[in-house]
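Below you'll find the structure, written out as structure tokens, and then a few comments.
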Amino acid sequence: MNRLGLLLVAAIAYLLAAWMVAPGIYDGFGPPQPYNWTCPPPQAGANTKPSSGHLEIMVINGKSDANSAFTDDGQIVIGFLPGAFDATGKKSITVDITPLATCPQPSDLRFVTNVYQITASAPLVQASTLEMRYSNLEPQPDDIYWAADPDGPWQSIGHSSQAAPFTIIASTTRLGYFAAGYRESHPASGAVVVGGGQALPIIVAALIAVVVLAGLPLAVLRRRRASGGGKDDEE
């Protein structure tokens with residue numbers, strides 16, 4: 001069975017299981033948190049500017065402590081293992097995450113997130129995990145890209161297969177500028193694209209919506225019977 005078939009079966013199984021409990025289970029379906037754009041796409045509507053982040057990592061016995069830096073809106077997070085920085089001669093290390101005020105789009109890439117600059121007061125000497133959130137208004141990105149300068153060149157640092165919906169994770173050994181996107185030569189490889197960049201989750205959501213709407217009349221009837229059950233039994 002292909003991927004779409006498995007997801008459809010899972011969605012239908014969930015709805016059938018939910019039908020066995022009291023009405024109201026459909027409240028679990030909802031859109032992801034709105035993305036805060038530097039340069040919002042036309043379909044984004046109202047927009048809040050992206051946040052920055054600041055972290056101070058303690059140096060204990062000459063070794064930088066484990067910690068994570070993130071923006072206040074949670075759109076980018078980077079985690080550091082113990083000893084991730086060269087802490088020679090330091091008592092603490094500061095890390096700053098700043099969304100770029102402009103939106104560079106290299107000729108061969110399509111970014112679907114803001115561009116962020118990550119800096120630290122000490123060199124990074126161990127690989128660190130970077131997680132970026134993206135919007136459901138854009139196609140799913142293939143990879144996270146890194147550059148030493150916002151004008152490029154941009155290099156892919158790949159992605160992990162283990163990530164929550166609408167997030168992408170990769171490992172980096174360098175700090176600098178980061179953005180998630182895909183090569184312009186082809187659509188995002190991790191998605192089934194329909195009609196200009198709509199991904200597989202949207203197809204599944206549409207199928208779920210059809211099933212839910214089809215069951216609404218039965219749910220209304222069930223509620224009416226529950227509220228007037230005594231009268232119906234006498235009749």
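By convention in this document, the chains of the structure tokens carry letters A, B, ... by their order, each chain's residues are numbered from 1, and ligands are numbered from 1 in the order they are shown.
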
- Message: Which residues are near stretch 100-102 of chain A? Cut-off 10 Å, only C-alpha atoms, ignore same chain within fewer than 6 positions. Put them as a list in words.
- Response: Thr38, Cys39, Lys49, Pro50, Ser52, Asn114, Val115, Tyr116, Gln117, Pro150, Tyr177 and Phe178 of chain A

Output file for the selection above: N, CA and C atoms, as a PDB file, in the first residue's frame:
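The resulting file, again-v4.pdb, is shown below:
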```pdb
ATOM      1  N   THR A  38       9.451  37.654   7.883  1.00  0.00           N
ATOM      2  CA  THR A  38      10.150  38.892   7.552  1.00  0.00           C
ATOM      3  C   THR A  38       9.527  39.494   6.304  1.00  0.00           C
ATOM      4  N   CYS A  39       9.295  38.646   5.309  1.00  0.00           N
ATOM      5  CA  CYS A  39       8.636  39.055   4.061  1.00  0.00           C
ATOM      6  C   CYS A  39       7.455  38.114   3.842  1.00  0.00           C
ATOM      7  N   LYS A  49       6.111  40.322  13.059  1.00  0.00           N
ATOM      8  CA  LYS A  49       7.520  40.191  12.713  1.00  0.00           C
ATOM      9  C   LYS A  49       8.188  39.101  13.559  1.00  0.00           C
ATOM     10  N   PRO A  50       9.161  38.378  13.005  1.00  0.00           N
ATOM     11  CA  PRO A  50       9.824  37.296  13.744  1.00  0.00           C
ATOM     12  C   PRO A  50      10.648  37.818  14.905  1.00  0.00           C
ATOM     13  N   SER A  52      13.821  37.499  17.889  1.00  0.00           N
ATOM     14  CA  SER A  52      15.224  37.126  18.037  1.00  0.00           C
ATOM     15  C   SER A  52      15.380  36.278  19.299  1.00  0.00           C
ATOM     16  N   ASN A 114      12.203  32.320   7.011  1.00  0.00           N
ATOM     17  CA  ASN A 114      13.079  33.482   7.157  1.00  0.00           C
ATOM     18  C   ASN A 114      14.532  33.025   7.145  1.00  0.00           C
ATOM     19  N   VAL A 115      15.420  33.973   6.896  1.00  0.00           N
ATOM     20  CA  VAL A 115      16.856  33.724   7.040  1.00  0.00           C
ATOM     21  C   VAL A 115      17.271  34.217   8.427  1.00  0.00           C
ATOM     22  N   TYR A 116      17.980  33.359   9.169  1.00  0.00           N
ATOM     23  CA  TYR A 116      18.419  33.698  10.521  1.00  0.00           C
ATOM     24  C   TYR A 116      19.942  33.673  10.601  1.00  0.00           C
ATOM     25  N   GLN A 117      20.477  34.621  11.364  1.00  0.00           N
ATOM     26  CA  GLN A 117      21.909  34.618  11.661  1.00  0.00           C
ATOM     27  C   GLN A 117      22.111  34.140  13.091  1.00  0.00           C
ATOM     28  N   PRO A 150      24.976  36.389   3.852  1.00  0.00           N
ATOM     29  CA  PRO A 150      23.618  36.260   3.300  1.00  0.00           C
ATOM     30  C   PRO A 150      23.564  36.286   1.781  1.00  0.00           C
ATOM     31  N   TYR A 177      24.546  31.930   8.743  1.00  0.00           N
ATOM     32  CA  TYR A 177      23.187  32.203   8.271  1.00  0.00           C
ATOM     33  C   TYR A 177      22.503  30.895   7.888  1.00  0.00           C
ATOM     34  N   PHE A 178      21.229  30.780   8.240  1.00  0.00           N
ATOM     35  CA  PHE A 178      20.489  29.541   7.997  1.00  0.00           C
ATOM     36  C   PHE A 178      19.085  29.861   7.441  1.00  0.00           C
TER      37      PHE A 178
END
```

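Excluding A:Pro106 itself and same-chain residues fewer than 2 positions from it, the residues having an atom within 10 Å of it are Cys103, Pro104, Asp108, Leu109, Arg110, Phe111, Pro150, Asp151, Gly152, Pro153, Trp154, Arg183 and Glu184 of chain A, counting only C-alpha atoms.
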
- Message: Show me, as a PyMOL selection string, the residues that have an atom within 8 Å of A:Phe70 when counting only C-alpha atoms, minus same-chain residues fewer than 4 positions from it.
- Response: chain A and resi 52-55+74-78+97

With N, CA and C atoms retained, write the just-selected residues as a short mmCIF file (atom, residue, chain, number, x, y, z; two decimals), in the first residue's frame.
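As a result, result10.cif now contains:
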```
data_model
loop_
_atom_site.label_atom_id
_atom_site.label_comp_id
_atom_site.auth_asym_id
_atom_site.auth_seq_id
_atom_site.Cartn_x
_atom_site.Cartn_y
_atom_site.Cartn_z
N SER A 52 13.82 37.50 17.89
CA SER A 52 15.22 37.13 18.04
C SER A 52 15.38 36.28 19.30
N GLY A 53 16.59 35.81 19.56
CA GLY A 53 16.84 35.00 20.74
C GLY A 53 18.24 35.26 21.29
N HIS A 54 18.39 35.07 22.60
CA HIS A 54 19.68 35.29 23.25
C HIS A 54 19.87 34.23 24.33
N LEU A 55 21.09 33.72 24.45
CA LEU A 55 21.40 32.69 25.44
C LEU A 55 22.79 32.92 26.01
N GLY A 74 9.84 30.70 18.91
CA GLY A 74 10.10 29.27 18.73
C GLY A 74 10.28 28.82 17.30
N GLN A 75 10.57 29.74 16.38
CA GLN A 75 10.68 29.35 14.96
C GLN A 75 12.03 28.74 14.62
N ILE A 76 13.01 28.92 15.48
CA ILE A 76 14.31 28.28 15.27
C ILE A 76 14.92 27.96 16.63
N VAL A 77 15.47 26.75 16.74
CA VAL A 77 16.09 26.29 17.98
C VAL A 77 17.40 25.60 17.62
N ILE A 78 18.44 25.87 18.39
CA ILE A 78 19.71 25.16 18.19
C ILE A 78 20.17 24.64 19.55
N ILE A 97 20.55 34.80 18.20
CA ILE A 97 19.84 34.43 16.97
C ILE A 97 19.07 35.65 16.50
#
```

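Between atom CA of A:Gly181 and atom CA of A:Pro141 there is a distance of 4.3 Å.
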
- Message: So that I can check the surroundings of A:Ala66, please list as a list in words every protein, DNA and RNA residue that reaches within 8 Å of it, counting only C-alpha atoms and ignoring chain neighbours fewer than 6 positions away.
- Response: Ile57, Gly79, Phe80, Leu81, Pro82, Gly83 and Ala84 of chain A

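Minimum atom-to-atom distance to A:Gly62, evaluated using only C-alpha atoms, belongs to A:Ile93 out of A:Ala147, A:Ala164, A:Ile93, A:Ala46.
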
- Query: Residues of stretch 54-142 of chain A in strand (DSSP E or B) according to DSSP, as a PyMOL selection string?
  - Reply: chain A and resi 54-60+63-64+67-70+76-80+85+92-99+109-111+116-120+124+128-133

If you count only C-alpha atoms, which residues fall within 8 Å of A:Phe85, apart from same-chain ones fewer than 4 positions away, as a PDB file with C-alpha atoms, in the first residue's frame?
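The resulting part-v2.pdb:
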```
ATOM      1  CA  LYS A  63      33.818  23.103  29.493  1.00  0.00           C
ATOM      2  CA  SER A  64      30.741  24.793  28.045  1.00  0.00           C
ATOM      3  CA  ALA A 122      33.343  31.336  21.041  1.00  0.00           C
ATOM      4  CA  PRO A 123      34.051  28.947  18.156  1.00  0.00           C
ATOM      5  CA  LEU A 124      31.774  25.930  17.750  1.00  0.00           C
ATOM      6  CA  VAL A 125      33.809  22.709  17.909  1.00  0.00           C
ATOM      7  CA  GLN A 126      31.072  20.051  18.047  1.00  0.00           C
TER       8      GLN A 126
END
```

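For the pair atom CA of A:Met132 and atom CA of A:Thr167, the separation is 5.6 Å.
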
- Query: Between A:Arg133, A:His159, A:Arg174, A:Lys90, which has the minimum distance to A:Thr71 (counting only C-alpha atoms)?
  - Reply: A:Arg133

- Item | atom CA of A:Gln105 to atom CA of A:Ala127, straight-line distance in Å | 26.5 Å
